[in-house]
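Visitor: This is the content of model-v1.cif (mmCIF, C-alpha atoms):
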data_my_file
#
loop_
_atom_site.label_atom_id
_atom_site.label_comp_id
_atom_site.auth_asym_id
_atom_site.auth_seq_id
_atom_site.Cartn_x
_atom_site.Cartn_y
_atom_site.Cartn_z
CA MET A 1 -25.17 -110.75 -218.22
CA LYS A 2 -23.62 -113.90 -216.86
CA ALA A 3 -20.95 -115.44 -219.09
CA PRO A 4 -21.75 -118.92 -220.52
CA PRO A 5 -19.91 -121.81 -218.86
CA GLU A 6 -16.75 -122.88 -220.65
CA THR A 7 -16.48 -126.29 -222.22
CA LEU A 8 -13.99 -128.97 -221.17
CA TRP A 9 -11.83 -128.25 -224.21
CA GLN A 10 -11.83 -124.52 -223.40
CA ALA A 11 -10.85 -125.22 -219.79
CA VAL A 12 -8.03 -127.53 -220.92
CA TRP A 13 -6.83 -124.99 -223.48
CA ARG A 14 -6.93 -122.19 -220.90
CA GLY A 15 -4.98 -124.33 -218.45
CA TRP A 16 -2.43 -125.30 -221.09
CA ASN A 17 -1.81 -121.62 -221.87
CA SER A 18 -1.70 -120.52 -218.24
CA LEU A 19 1.36 -119.19 -216.47
CA ALA A 20 1.72 -122.37 -214.43
CA ALA A 21 1.65 -124.50 -217.60
CA ASP A 22 4.22 -122.27 -219.27
CA LEU A 23 6.49 -122.54 -216.25
CA TYR A 24 5.96 -126.30 -216.14
CA LYS A 25 6.80 -126.74 -219.83
CA THR A 26 9.83 -124.48 -219.58
CA MET A 27 11.23 -126.18 -216.48
CA LEU A 28 10.54 -129.67 -217.80
CA GLY A 29 12.28 -128.84 -221.06
CA LEU A 30 15.27 -127.38 -219.26
CA MET A 31 15.53 -130.38 -216.94
CA LEU A 32 15.25 -132.90 -219.79
CA PHE A 33 17.78 -131.02 -221.89
CA THR A 34 20.16 -130.80 -218.94
CA SER A 35 19.69 -134.49 -218.08
CA PHE A 36 20.20 -135.81 -221.62
CA THR A 37 23.14 -133.48 -222.16
CA GLY A 38 24.68 -134.78 -218.96
CA PHE A 39 23.95 -138.37 -220.01
CA ILE A 40 25.66 -137.89 -223.38
CA VAL A 41 28.66 -136.19 -221.81
CA LEU A 42 29.00 -138.92 -219.17
CA SER A 43 28.65 -141.66 -221.81
CA TYR A 44 31.36 -140.10 -223.91
CA ALA A 45 33.59 -139.59 -220.89
CA TRP A 46 33.07 -143.24 -219.82
CA SER A 47 33.91 -144.49 -223.31
CA VAL A 48 37.08 -142.41 -223.39
CA PHE A 49 37.97 -143.61 -219.90
CA MET A 50 37.52 -147.33 -220.83
CA ASP A 51 39.57 -146.91 -224.03
CA GLU A 52 42.34 -145.34 -221.99
CA VAL A 53 42.14 -148.21 -219.43
CA GLN A 54 42.42 -150.75 -222.27
CA ARG A 55 45.41 -148.91 -223.75
CA GLN A 56 47.20 -148.68 -220.42
CA THR A 57 46.47 -152.37 -219.75
CA LYS A 58 48.04 -153.36 -223.08
CA GLU A 59 51.16 -151.33 -222.28
CA LEU A 60 51.47 -152.90 -218.81
CA LEU A 61 51.04 -156.46 -220.13
CA THR A 62 53.54 -155.84 -222.90
CA ALA A 63 56.09 -154.47 -220.45
CA GLN A 64 55.47 -157.14 -217.80
CA PHE A 65 55.14 -160.31 -219.87
CA GLN A 66 56.82 -159.22 -223.10
CA LEU A 67 53.64 -159.96 -225.05
CA PRO A 68 53.29 -158.23 -228.42
CA PRO A 69 50.12 -156.12 -228.96
CA SER A 70 49.09 -158.39 -231.85
CA GLN A 71 48.53 -161.23 -229.34
CA LEU A 72 46.64 -159.03 -226.86
CA ASP A 73 43.96 -157.82 -229.26
CA PRO A 74 42.33 -161.29 -229.59
CA LEU A 75 42.41 -161.63 -225.78
CA PHE A 76 40.57 -158.33 -225.28
CA ALA A 77 38.04 -159.25 -227.98
CA GLN A 78 37.43 -162.58 -226.24
CA ALA A 79 37.05 -160.81 -222.87
CA ARG A 80 34.49 -158.43 -224.38
CA TRP A 81 32.54 -161.37 -225.88
CA ARG A 82 32.54 -163.23 -222.55
CA SER A 83 31.30 -160.07 -220.75
CA GLU A 84 28.41 -159.72 -223.19
CA THR A 85 27.63 -163.42 -222.77
CA THR A 86 27.77 -163.31 -218.99
CA LEU A 87 25.58 -160.22 -218.74
CA ASN A 88 21.90 -160.50 -219.67
CA VAL A 89 21.54 -157.84 -222.38
CA ASP A 90 17.74 -157.83 -222.08
CA GLU A 91 17.96 -157.16 -218.34
CA VAL A 92 20.47 -154.40 -218.92
CA ARG A 93 18.21 -152.88 -221.58
CA SER A 94 15.18 -153.17 -219.26
CA LEU A 95 17.14 -151.60 -216.39
CA PHE A 96 18.21 -148.76 -218.67
CA MET A 97 14.63 -148.10 -219.86
CA PHE A 98 13.33 -148.28 -216.30
CA SER A 99 15.98 -145.79 -215.17
CA LEU A 100 15.11 -143.53 -218.08
CA VAL A 101 11.39 -143.62 -217.29
CA LEU A 102 12.10 -143.06 -213.58
CA LEU A 103 14.33 -140.12 -214.43
CA PHE A 104 11.65 -138.64 -216.67
CA ALA A 105 8.99 -139.09 -213.95
CA VAL A 106 11.22 -137.49 -211.31
CA LEU A 107 12.00 -134.58 -213.62
CA ALA A 108 8.34 -134.12 -214.51
CA LEU A 109 7.34 -134.17 -210.83
CA LEU A 110 10.11 -131.74 -209.93
CA ALA A 111 9.12 -129.42 -212.77
CA TRP A 112 5.45 -129.55 -211.71
CA TRP A 113 6.35 -128.80 -208.08
CA SER A 114 8.64 -125.92 -209.07
CA ALA A 115 6.11 -124.42 -211.49
CA ARG A 116 3.34 -124.70 -208.90
CA ARG A 117 5.60 -123.15 -206.28
CA PHE A 118 6.40 -120.18 -208.49
CA ALA A 119 2.94 -119.73 -210.00
CA ARG A 120 0.82 -120.13 -206.85
CA PRO A 121 1.52 -116.59 -205.49
CA LEU A 122 0.70 -115.06 -208.87
CA THR A 123 -2.45 -117.17 -209.07
CA HIS A 124 -3.55 -115.81 -205.67
CA LEU A 125 -2.67 -112.31 -206.87
CA SER A 126 -4.73 -112.76 -210.04
CA ALA A 127 -7.73 -113.99 -208.05
CA ALA A 128 -7.47 -111.07 -205.62
CA ALA A 129 -7.12 -108.58 -208.49
CA SER A 130 -10.19 -110.08 -210.16
CA ARG A 131 -12.20 -109.59 -206.96
CA LEU A 132 -10.87 -106.04 -206.71
CA THR A 133 -12.10 -105.19 -210.22
CA THR A 134 -15.62 -106.25 -209.22
CA GLY A 135 -15.64 -103.75 -206.34
CA ASP A 136 -14.64 -106.09 -203.53
CA PHE A 137 -12.03 -103.90 -201.82
CA THR A 138 -11.54 -106.44 -199.03
CA ALA A 139 -9.67 -108.71 -201.48
CA ARG A 140 -6.13 -109.52 -200.43
CA ALA A 141 -3.43 -111.70 -201.95
CA VAL A 142 -2.56 -114.68 -199.75
CA LEU A 143 1.00 -114.67 -198.41
CA SER A 144 2.22 -118.00 -197.11
CA ARG A 145 4.66 -118.25 -194.24
CA ARG A 146 7.43 -118.87 -196.75
CA LEU A 147 6.60 -115.68 -198.64
CA ASN A 148 6.38 -113.72 -195.41
CA ARG A 149 9.98 -114.62 -194.70
CA ARG A 150 11.13 -113.64 -198.17
CA SER A 151 11.91 -110.22 -199.61
CA ASP A 152 12.22 -111.06 -203.31
CA GLU A 153 10.23 -109.53 -206.18
CA THR A 154 7.24 -111.86 -205.79
CA ALA A 155 6.89 -111.24 -202.06
CA ARG A 156 7.21 -107.48 -202.52
CA LEU A 157 4.65 -107.56 -205.34
CA LEU A 158 2.07 -109.31 -203.14
CA ARG A 159 2.76 -107.00 -200.21
CA ASP A 160 2.47 -103.92 -202.41
CA PHE A 161 -0.80 -105.22 -203.85
CA ASN A 162 -2.22 -105.73 -200.37
CA VAL A 163 -1.14 -102.21 -199.37
CA MET A 164 -2.79 -100.84 -202.51
CA ALA A 165 -5.99 -102.81 -201.83
CA ALA A 166 -6.05 -101.55 -198.23
CA SER A 167 -5.63 -97.97 -199.49
CA LEU A 168 -8.46 -98.42 -201.97
CA GLU A 169 -10.66 -99.89 -199.26
CA ARG A 170 -9.91 -96.94 -196.98
CA LEU A 171 -10.59 -94.45 -199.78
CA GLU A 172 -13.86 -96.15 -200.65
CA ARG A 173 -14.87 -96.11 -197.00
CA GLU A 174 -13.97 -92.42 -196.75
CA ARG A 175 -15.87 -91.68 -199.96
CA ARG A 176 -19.01 -93.33 -198.66
CA TYR A 177 -18.64 -91.58 -195.33
CA SER A 178 -18.05 -88.24 -197.07
CA VAL A 179 -21.21 -88.63 -199.14
CA ALA A 180 -23.22 -89.41 -196.01
CA ALA A 181 -21.56 -86.57 -194.09
CA ILE A 182 -22.18 -84.07 -196.90
CA ALA A 183 -25.85 -85.08 -196.99
CA HIS A 184 -26.06 -84.67 -193.22
CA GLU A 185 -24.32 -81.27 -193.19
CA LEU A 186 -26.50 -79.94 -195.99
CA ARG A 187 -29.73 -81.36 -194.59
CA THR A 188 -29.71 -79.30 -191.40
CA PRO A 189 -29.48 -75.77 -192.86
CA VAL A 190 -31.77 -76.70 -195.78
CA THR A 191 -34.38 -78.08 -193.39
CA VAL A 192 -34.20 -75.00 -191.17
CA LEU A 193 -34.29 -72.66 -194.17
CA ARG A 194 -37.25 -74.45 -195.70
CA GLY A 195 -39.12 -74.52 -192.41
CA ARG A 196 -38.71 -70.81 -191.78
CA LEU A 197 -39.62 -69.96 -195.38
CA GLU A 198 -42.79 -72.04 -195.08
CA GLY A 199 -43.52 -70.26 -191.81
CA VAL A 200 -43.22 -66.88 -193.51
CA ARG A 201 -45.36 -68.07 -196.41
CA ASP A 202 -48.10 -69.40 -194.11
CA GLY A 203 -48.05 -66.31 -191.91
CA VAL A 204 -46.76 -68.19 -188.86
CA LEU A 205 -43.56 -66.15 -188.84
CA PRO A 206 -43.53 -62.42 -189.60
CA ALA A 207 -41.63 -61.32 -192.70
CA THR A 208 -39.54 -58.84 -190.74
CA SER A 209 -36.00 -57.74 -191.48
CA GLN A 210 -34.77 -59.80 -188.51
CA GLU A 211 -36.36 -62.94 -189.92
CA LEU A 212 -34.90 -62.24 -193.36
CA GLU A 213 -31.46 -61.82 -191.77
CA LYS A 214 -31.83 -65.25 -190.19
CA LEU A 215 -32.76 -66.73 -193.56
CA ILE A 216 -29.77 -65.03 -195.18
CA GLY A 217 -27.56 -66.43 -192.41
CA HIS A 218 -28.66 -70.00 -193.19
CA ALA A 219 -28.12 -69.34 -196.90
CA ASP A 220 -24.63 -68.04 -196.11
CA LEU A 221 -23.92 -71.20 -194.13
CA LEU A 222 -24.90 -73.30 -197.12
CA SER A 223 -22.77 -71.14 -199.40
CA ARG A 224 -19.69 -71.49 -197.16
CA LEU A 225 -20.15 -75.25 -196.95
CA ILE A 226 -20.44 -75.53 -200.74
CA GLU A 227 -17.35 -73.35 -201.21
CA ASP A 228 -15.39 -75.51 -198.78
CA LEU A 229 -16.40 -78.66 -200.62
CA GLN A 230 -15.45 -77.08 -203.94
CA LEU A 231 -12.04 -76.07 -202.56
CA LEU A 232 -11.35 -79.59 -201.35
CA SER A 233 -12.44 -81.05 -204.69
CA LEU A 234 -10.12 -78.68 -206.57
CA SER A 235 -7.28 -79.60 -204.22
CA ASP A 236 -7.85 -83.33 -204.77
CA ALA A 237 -7.94 -82.84 -208.53
CA GLY A 238 -4.74 -80.76 -208.48
CA GLU A 239 -6.63 -77.78 -209.94
CA LEU A 240 -6.38 -75.45 -206.94
CA ARG A 241 -4.90 -72.17 -208.16
CA LEU A 242 -2.78 -69.96 -205.93
CA ASP A 243 -1.91 -66.32 -206.57
CA LEU A 244 1.68 -66.51 -205.43
CA ALA A 245 3.57 -63.44 -204.28
CA PRO A 246 6.04 -62.58 -201.48
CA VAL A 247 4.06 -62.48 -198.24
CA GLU A 248 5.35 -60.97 -194.99
CA VAL A 249 4.19 -63.45 -192.36
CA GLN A 250 4.40 -60.94 -189.46
CA ASP A 251 1.86 -58.69 -191.17
CA VAL A 252 -0.61 -61.57 -191.63
CA LEU A 253 -0.32 -62.66 -187.99
CA ILE A 254 -0.59 -59.11 -186.63
CA ARG A 255 -3.81 -58.49 -188.57
CA LEU A 256 -5.39 -61.79 -187.50
CA HIS A 257 -4.30 -61.22 -183.89
CA ALA A 258 -6.11 -57.86 -183.95
CA ASP A 259 -9.20 -59.36 -185.62
CA HIS A 260 -9.54 -62.07 -182.94
CA GLY A 261 -8.63 -59.88 -179.99
CA LEU A 262 -12.19 -58.77 -179.26
CA LYS A 263 -13.52 -62.32 -179.39
CA ALA A 264 -10.72 -63.54 -177.10
CA ARG A 265 -11.48 -60.84 -174.52
CA ALA A 266 -15.18 -61.72 -174.67
CA GLN A 267 -14.24 -65.32 -173.83
CA GLN A 268 -11.83 -64.13 -171.10
CA VAL A 269 -8.92 -65.69 -173.01
CA ASP A 270 -5.46 -64.15 -173.35
CA LEU A 271 -4.35 -64.01 -176.99
CA LEU A 272 -0.55 -63.60 -177.11
CA LEU A 273 1.64 -62.95 -180.14
CA LYS A 274 5.39 -63.58 -180.38
CA LEU A 275 7.20 -62.41 -183.52
CA PRO A 276 10.89 -62.24 -184.50
CA SER A 277 12.47 -58.86 -185.22
CA PRO A 278 13.65 -59.32 -188.81
CA PRO A 279 10.90 -59.62 -191.46
CA VAL A 280 10.03 -63.17 -192.44
CA LYS A 281 8.69 -63.72 -195.95
CA VAL A 282 7.31 -66.72 -197.79
CA MET A 283 6.13 -67.22 -201.34
CA GLY A 284 2.41 -67.83 -201.04
CA ASP A 285 -1.18 -66.81 -201.59
CA ARG A 286 -1.86 -64.20 -198.93
CA ARG A 287 -5.62 -64.78 -198.89
CA ARG A 288 -5.25 -68.55 -198.54
CA LEU A 289 -2.63 -68.26 -195.80
CA GLN A 290 -4.92 -65.90 -193.89
CA GLN A 291 -7.72 -68.45 -194.31
CA VAL A 292 -5.56 -71.18 -192.79
CA VAL A 293 -4.47 -69.15 -189.76
CA GLN A 294 -8.04 -67.89 -189.37
CA ASN A 295 -9.31 -71.50 -189.15
CA LEU A 296 -6.65 -72.49 -186.65
CA LEU A 297 -7.21 -69.45 -184.41
CA THR A 298 -10.96 -70.03 -184.46
CA ASN A 299 -10.45 -73.65 -183.41
CA ALA A 300 -7.95 -72.69 -180.71
CA LEU A 301 -10.31 -70.09 -179.19
CA ARG A 302 -13.22 -72.52 -179.40
CA HIS A 303 -11.34 -75.15 -177.39
CA THR A 304 -9.76 -72.83 -174.83
CA PRO A 305 -11.59 -72.60 -171.47
CA PRO A 306 -12.20 -69.21 -169.78
CA HIS A 307 -9.07 -67.59 -168.29
CA GLY A 308 -6.98 -69.71 -170.65
CA THR A 309 -4.31 -68.62 -173.10
CA VAL A 310 -3.73 -68.88 -176.85
CA TRP A 311 -0.19 -68.32 -178.16
CA ILE A 312 0.78 -67.38 -181.70
CA ALA A 313 4.51 -67.75 -182.34
CA LEU A 314 6.61 -67.27 -185.46
CA GLU A 315 10.10 -68.70 -185.90
CA ALA A 316 12.47 -68.82 -188.87
CA GLU A 317 15.45 -71.17 -189.12
CA ALA A 318 17.51 -72.87 -191.83
CA GLY A 319 15.30 -71.67 -194.65
CA ALA A 320 12.07 -72.77 -192.94
CA VAL A 321 9.28 -70.76 -191.35
CA HIS A 322 7.33 -72.22 -188.41
CA ILE A 323 3.97 -70.84 -187.28
CA ASP A 324 2.89 -72.30 -183.93
CA ILE A 325 -0.60 -71.85 -182.51
CA ARG A 326 -1.03 -73.31 -179.02
CA ASN A 327 -3.78 -73.14 -176.45
CA THR A 328 -4.44 -74.28 -172.92
CA GLY A 329 -7.06 -76.97 -172.48
CA THR A 330 -7.52 -80.71 -172.60
CA GLY A 331 -5.50 -81.24 -175.78
CA PHE A 332 -6.14 -83.68 -178.59
CA THR A 333 -7.33 -87.19 -177.94
CA ALA A 334 -5.35 -90.06 -179.44
CA GLU A 335 -8.09 -90.54 -182.02
CA ALA A 336 -8.13 -86.85 -182.92
CA LEU A 337 -4.36 -86.80 -183.49
CA ASN A 338 -4.82 -89.53 -186.11
CA ARG A 339 -8.09 -88.40 -187.67
CA ALA A 340 -8.40 -84.63 -187.17
CA PHE A 341 -7.46 -83.93 -190.80
CA GLU A 342 -10.19 -86.23 -192.12
CA ARG A 343 -13.19 -84.54 -193.68
CA PHE A 344 -16.29 -84.26 -191.50
CA TYR A 345 -14.43 -85.86 -188.59
CA SER A 346 -16.77 -85.64 -185.60
CA GLY A 347 -14.74 -85.30 -182.44
CA PRO A 348 -16.07 -85.12 -178.88
CA ASP A 349 -16.56 -81.34 -179.14
CA ARG A 350 -18.90 -81.63 -182.09
CA GLU A 351 -20.81 -84.33 -180.29
CA ARG A 352 -21.29 -81.85 -177.43
CA GLY A 353 -22.97 -79.53 -179.89
CA ARG A 354 -20.19 -77.09 -180.75
CA SER A 355 -20.36 -75.54 -184.19
CA GLY A 356 -18.24 -76.46 -187.16
CA SER A 357 -18.64 -78.58 -190.28
CA GLY A 358 -15.53 -80.70 -189.72
CA LEU A 359 -13.84 -79.33 -192.86
CA GLY A 360 -11.63 -76.62 -191.37
CA LEU A 361 -8.54 -78.69 -190.65
CA ALA A 362 -8.89 -80.69 -193.87
CA ILE A 363 -9.04 -77.46 -195.88
CA SER A 364 -6.13 -75.95 -193.95
CA LYS A 365 -3.90 -78.94 -194.56
CA SER A 366 -4.80 -78.98 -198.27
CA LEU A 367 -3.91 -75.29 -198.61
CA ILE A 368 -0.60 -75.68 -196.78
CA LYS A 369 0.23 -78.73 -198.87
CA ALA A 370 -0.52 -76.70 -202.02
CA HIS A 371 2.08 -74.20 -200.75
CA GLY A 372 4.62 -77.01 -200.45
CA GLY A 373 4.47 -76.92 -196.66
CA GLU A 374 3.48 -79.22 -193.84
CA MET A 375 1.05 -79.11 -190.93
CA ARG A 376 1.08 -81.25 -187.83
CA LEU A 377 -0.88 -81.55 -184.60
CA PHE A 378 0.66 -82.18 -181.19
CA ASN A 379 -0.12 -82.02 -177.49
CA THR A 380 1.72 -79.93 -174.93
CA GLU A 381 1.86 -80.10 -171.15
CA THR A 382 -0.89 -77.49 -170.90
CA GLY A 383 -3.02 -78.20 -173.98
CA ALA A 384 -2.78 -78.61 -177.74
CA GLY A 385 -0.83 -77.11 -180.60
CA VAL A 386 -0.67 -76.88 -184.38
CA GLN A 387 2.50 -76.14 -186.35
CA ILE A 388 2.69 -74.89 -189.93
CA THR A 389 6.01 -75.21 -191.74
CA LEU A 390 6.68 -73.24 -194.93
CA THR A 391 9.77 -72.50 -197.00
CA ALA A 392 11.30 -69.13 -196.24
CA LEU A 393 11.74 -66.70 -199.12
CA THR A 394 15.30 -65.54 -199.64
CA GLY A 395 15.76 -62.24 -201.45
CA ASP A 396 13.21 -59.67 -202.45
CA GLU A 397 12.73 -60.71 -206.06
CA PRO A 398 9.30 -59.55 -207.30
CA LEU A 399 7.03 -62.40 -208.24
CA ASN A 400 3.29 -62.38 -208.62
CA ARG A 401 1.84 -65.23 -210.57
CA ALA A 402 -0.88 -67.85 -210.44
CA THR A 403 0.06 -71.50 -210.12
CA ASP A 404 -1.76 -74.79 -210.03
#
Please express what this file holds, its structure, as structure tokens.
Guide:
Amino acid sequence: MKAPPETLWQAVWRGWNSLAADLYKTMLGLMLFTSFTGFIVLSYAWSVFMDEVQRQTKELLTAQFQLPPSQLDPLFAQARWRSETTLNVDEVRSLFMFSLVLLFAVLALLAWWSARRFARPLTHLSAAASRLTTGDFTARAVLSRRLNRRSDETARLLRDFNVMAASLERLERERRYSVAAIAHELRTPVTVLRGRLEGVRDGVLPATSQELEKLIGHADLLSRLIEDLQLLSLSDAGELRLDLAPVEVQDVLIRLHADHGLKARAQQVDLLLKLPSPPVKVMGDRRRLQQVVQNLLTNALRHTPPHGTVWIALEAEAGAVHIDIRNTGTGFTAEALNRAFERFYSGPDRERGRSGSGLGLAISKSLIKAHGGEMRLFNTETGAGVQITLTALTGDEPLNRATD
């Protein structure tokens, strides 16, 4: 429901209690206090100075003309009376009041300008934050050229707000894209499964074991996609549990190398494995680490042309373990290097009809991050590569526990 319009008194009261008004009142009070304090101090100093001039004048006249002080006092009183008579007291009083009013106006204008200067960035920030709360993630705080040149708290606050707003806009865009991508990925197997089931029901397709296997295959595809989405959701929520234990990395790579050997030979691809001699161990979830390497090897074989090569290399140095998986081919595009870890990212290969849901690399990075490691993509002279970095396990202390 739309809020009723505020009255004039409400608008004035809101403006009087605003940050700009508070700054204005504070600065004006400080300026007036400083000015009147300075005026009183200067008046007192001038009075002391004139008394000292009068005293020194009496001493000089007494020494020069041998005049006693009793004769000088009437002369000074007469001089003071003549000065007051010569000067127009009303004009002096008018000049003083005019100067006082001018001083007050200048101070008020200076206080208004200073308050407006300090409050304007926060006013822009408040307006942008208000737009952000209504769901407008394109809202940004305005930074003037003066603020762009500054690095104080106000400038940093506005810059940080704009960075936060840009992050929220990107997350909202990714959320909307993820919802659309999930609907698209689920629609295809569901449509195929429904169509074949209707065909079996209507007698168009025979209810043979081969047809049932196809239906089970589509159901398995849906199940894997749902499991992948659940894994990513748990990772985002920080609820992904790992069964940590010492894992010998060589054993994991040897097993996966053997599992993918037949597929590599069928594609006429050489699958090479390079391992160090001493055992290399990490603290991790063996099943999840196998899942990551499995995804990466599947991607590498998928993108390697016939008579190409896929390398699996393991290195350990300075407490870190590096797993490199490289393949010959065209390598990553510039866009893929920046976006390959995004969910449902559709690269050129998917557009050419190759299989994959676009979740493999996103899941792999989430799992490695949950292990406290890093994953990066890079191009080589002959193709592409992926590197996993984990912390090496020192010692053989037994540990088998679940962690979030």
Visitor: Could you tell me how far CA of Thr394 (chain A) sits from CA of Lys281 (chain A), in Å to one decimal place?
Guide: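 Computing the Euclidean distance for CA of Lys281 (chain A) and CA of Thr394 (chain A) yields 7.8 Å.
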Visitor: Taking the file above as input, evaluate the PyMOL selection byres ((chain A and resi 125-136) around 12) and report the hits as a PyMOL selection string.
Guide: chain A and resi 18-19+119-124+137-143+154-162+164-166+168-169+172-173
Visitor: Give me the residues near region 374-390 of chain A as a PDB file with C-alpha atoms, keeping the file's coordinate frame, where near means some atom within 8 Å (using all atoms listed in the file) and where sequence neighbours in that chain fewer than 5 positions away do not count.
Guide:
ATOM      1  CA  VAL A 282       7.310 -66.720-197.790  1.00  0.00           C
ATOM      2  CA  LEU A 296      -6.650 -72.490-186.650  1.00  0.00           C
ATOM      3  CA  ALA A 320      12.070 -72.770-192.940  1.00  0.00           C
ATOM      4  CA  VAL A 321       9.280 -70.760-191.350  1.00  0.00           C
ATOM      5  CA  HIS A 322       7.330 -72.220-188.410  1.00  0.00           C
ATOM      6  CA  ILE A 323       3.970 -70.840-187.280  1.00  0.00           C
ATOM      7  CA  ASP A 324       2.890 -72.300-183.930  1.00  0.00           C
ATOM      8  CA  ILE A 325      -0.600 -71.850-182.510  1.00  0.00           C
ATOM      9  CA  ARG A 326      -1.030 -73.310-179.020  1.00  0.00           C
ATOM     10  CA  ASN A 327      -3.780 -73.140-176.450  1.00  0.00           C
ATOM     11  CA  THR A 328      -4.440 -74.280-172.920  1.00  0.00           C
ATOM     12  CA  GLY A 329      -7.060 -76.970-172.480  1.00  0.00           C
ATOM     13  CA  THR A 330      -7.520 -80.710-172.600  1.00  0.00           C
ATOM     14  CA  GLY A 331      -5.500 -81.240-175.780  1.00  0.00           C
ATOM     15  CA  PHE A 332      -6.140 -83.680-178.590  1.00  0.00           C
ATOM     16  CA  LEU A 337      -4.360 -86.800-183.490  1.00  0.00           C
ATOM     17  CA  LYS A 365      -3.900 -78.940-194.560  1.00  0.00           C
ATOM     18  CA  ILE A 368      -0.600 -75.680-196.780  1.00  0.00           C
ATOM     19  CA  LYS A 369       0.230 -78.730-198.870  1.00  0.00           C
TER      20      LYS A 369
END
Visitor: Using only C-alpha atoms, find the one residue out of A:Leu367, A:Val269, A:Leu289, A:Leu60 that sits nearest to His307 (chain A).
Guide: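 Answer, going by the shortest atom-to-atom distance: A:Val269.
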Visitor: From the options A:Ala336, A:Asp270, A:Ser277, A:Leu30, which residue's atoms come nearest to Pro306 (chain A), counting all atoms listed in the file?
Guide: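 The closest residue to Pro306 (chain A) is A:Asp270.
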Visitor: Please determine, counting all atoms listed in the file, which residue among A:Ala370, A:Val192, A:Leu212, A:Ala318 has the shortest atom-to-atom distance to Asp243 (chain A).
Guide: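 Comparing A:Ala370, A:Val192, A:Leu212, A:Ala318 against Asp243 (chain A), the winner is A:Ala370.
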Visitor: Could you put an axis-aligned box around every listed atom of region 193-201 of chain A, padded by 4 Å on each side, and send me its centre and edge lengths in Å to one decimal, as JSON?
Guide:
{"center_x": -39.8, "center_y": -70.7, "center_z": -194.1, "size_x": 19.1, "size_y": 15.6, "size_z": 12.6}
Visitor: Rank nothing, just name the residue among A:His260, A:Phe96, A:Glu59, A:Ile226 nearest to Ile182 (chain A), using all atoms listed in the file.
Guide: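 The shortest atom-to-atom distance to Ile182 (chain A) comes from A:Ile226.
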Visitor: Suppose you want the space between CA of Leu75 (chain A) and CA of Ser47 (chain A); what is it in Å?
Guide: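 These atoms are spaced 19.3 Å apart.
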Visitor: May I ask which of the residues A:Pro305, A:Gly284, A:Pro189, A:Gly360 is the closest one to Leu244 (chain A), counting all atoms listed in the file?
Guide: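 With all atoms listed in the file as the atom set, the closest residue is A:Gly284.
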Visitor: Would you mind telling me which residue in A:Arg55, A:Glu317, A:Arg343, A:Ser364 lies nearest to Gln291 (chain A) when using only C-alpha atoms?
Guide: A:Ser364
Visitor: So that I can see what lies close to Glu239 (chain A), please list as a ChimeraX atom specification the residues with an atom at most 12 Å from it, counting only C-alpha atoms and leaving out residues fewer than 2 positions away in the same chain.
Guide: /A:230-237,241-242,366-367,370,402-404
Visitor: I need the residue set behind the PyMOL selection byres ((chain A and resi 104) around 12) for this file; please write it as a ChimeraX atom specification.
Guide: /A:28-29,31-36,97-103,105-111
Visitor: For the residues selected in the previous step, produce a file with C-alpha atoms as a CSV table (one decimal), in the coordinates of the input.
Guide:
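File again07.csv, as written:
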chain,number,residue,atom,x,y,z
A,28,LEU,CA,10.5,-129.7,-217.8
A,29,GLY,CA,12.3,-128.8,-221.1
A,31,MET,CA,15.5,-130.4,-216.9
A,32,LEU,CA,15.2,-132.9,-219.8
A,33,PHE,CA,17.8,-131.0,-221.9
A,34,THR,CA,20.2,-130.8,-218.9
A,35,SER,CA,19.7,-134.5,-218.1
A,36,PHE,CA,20.2,-135.8,-221.6
A,97,MET,CA,14.6,-148.1,-219.9
A,98,PHE,CA,13.3,-148.3,-216.3
A,99,SER,CA,16.0,-145.8,-215.2
A,100,LEU,CA,15.1,-143.5,-218.1
A,101,VAL,CA,11.4,-143.6,-217.3
A,102,LEU,CA,12.1,-143.1,-213.6
A,103,LEU,CA,14.3,-140.1,-214.4
A,105,ALA,CA,9.0,-139.1,-214.0
A,106,VAL,CA,11.2,-137.5,-211.3
A,107,LEU,CA,12.0,-134.6,-213.6
A,108,ALA,CA,8.3,-134.1,-214.5
A,109,LEU,CA,7.3,-134.2,-210.8
A,110,LEU,CA,10.1,-131.7,-209.9
A,111,ALA,CA,9.1,-129.4,-212.8
Visitor: Quick check, in Å to one decimal: how far apart do CA of Leu67 (chain A) and CA of Glu52 (chain A) lie?
Guide: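 That distance, rounded to one decimal, is 18.7 Å.
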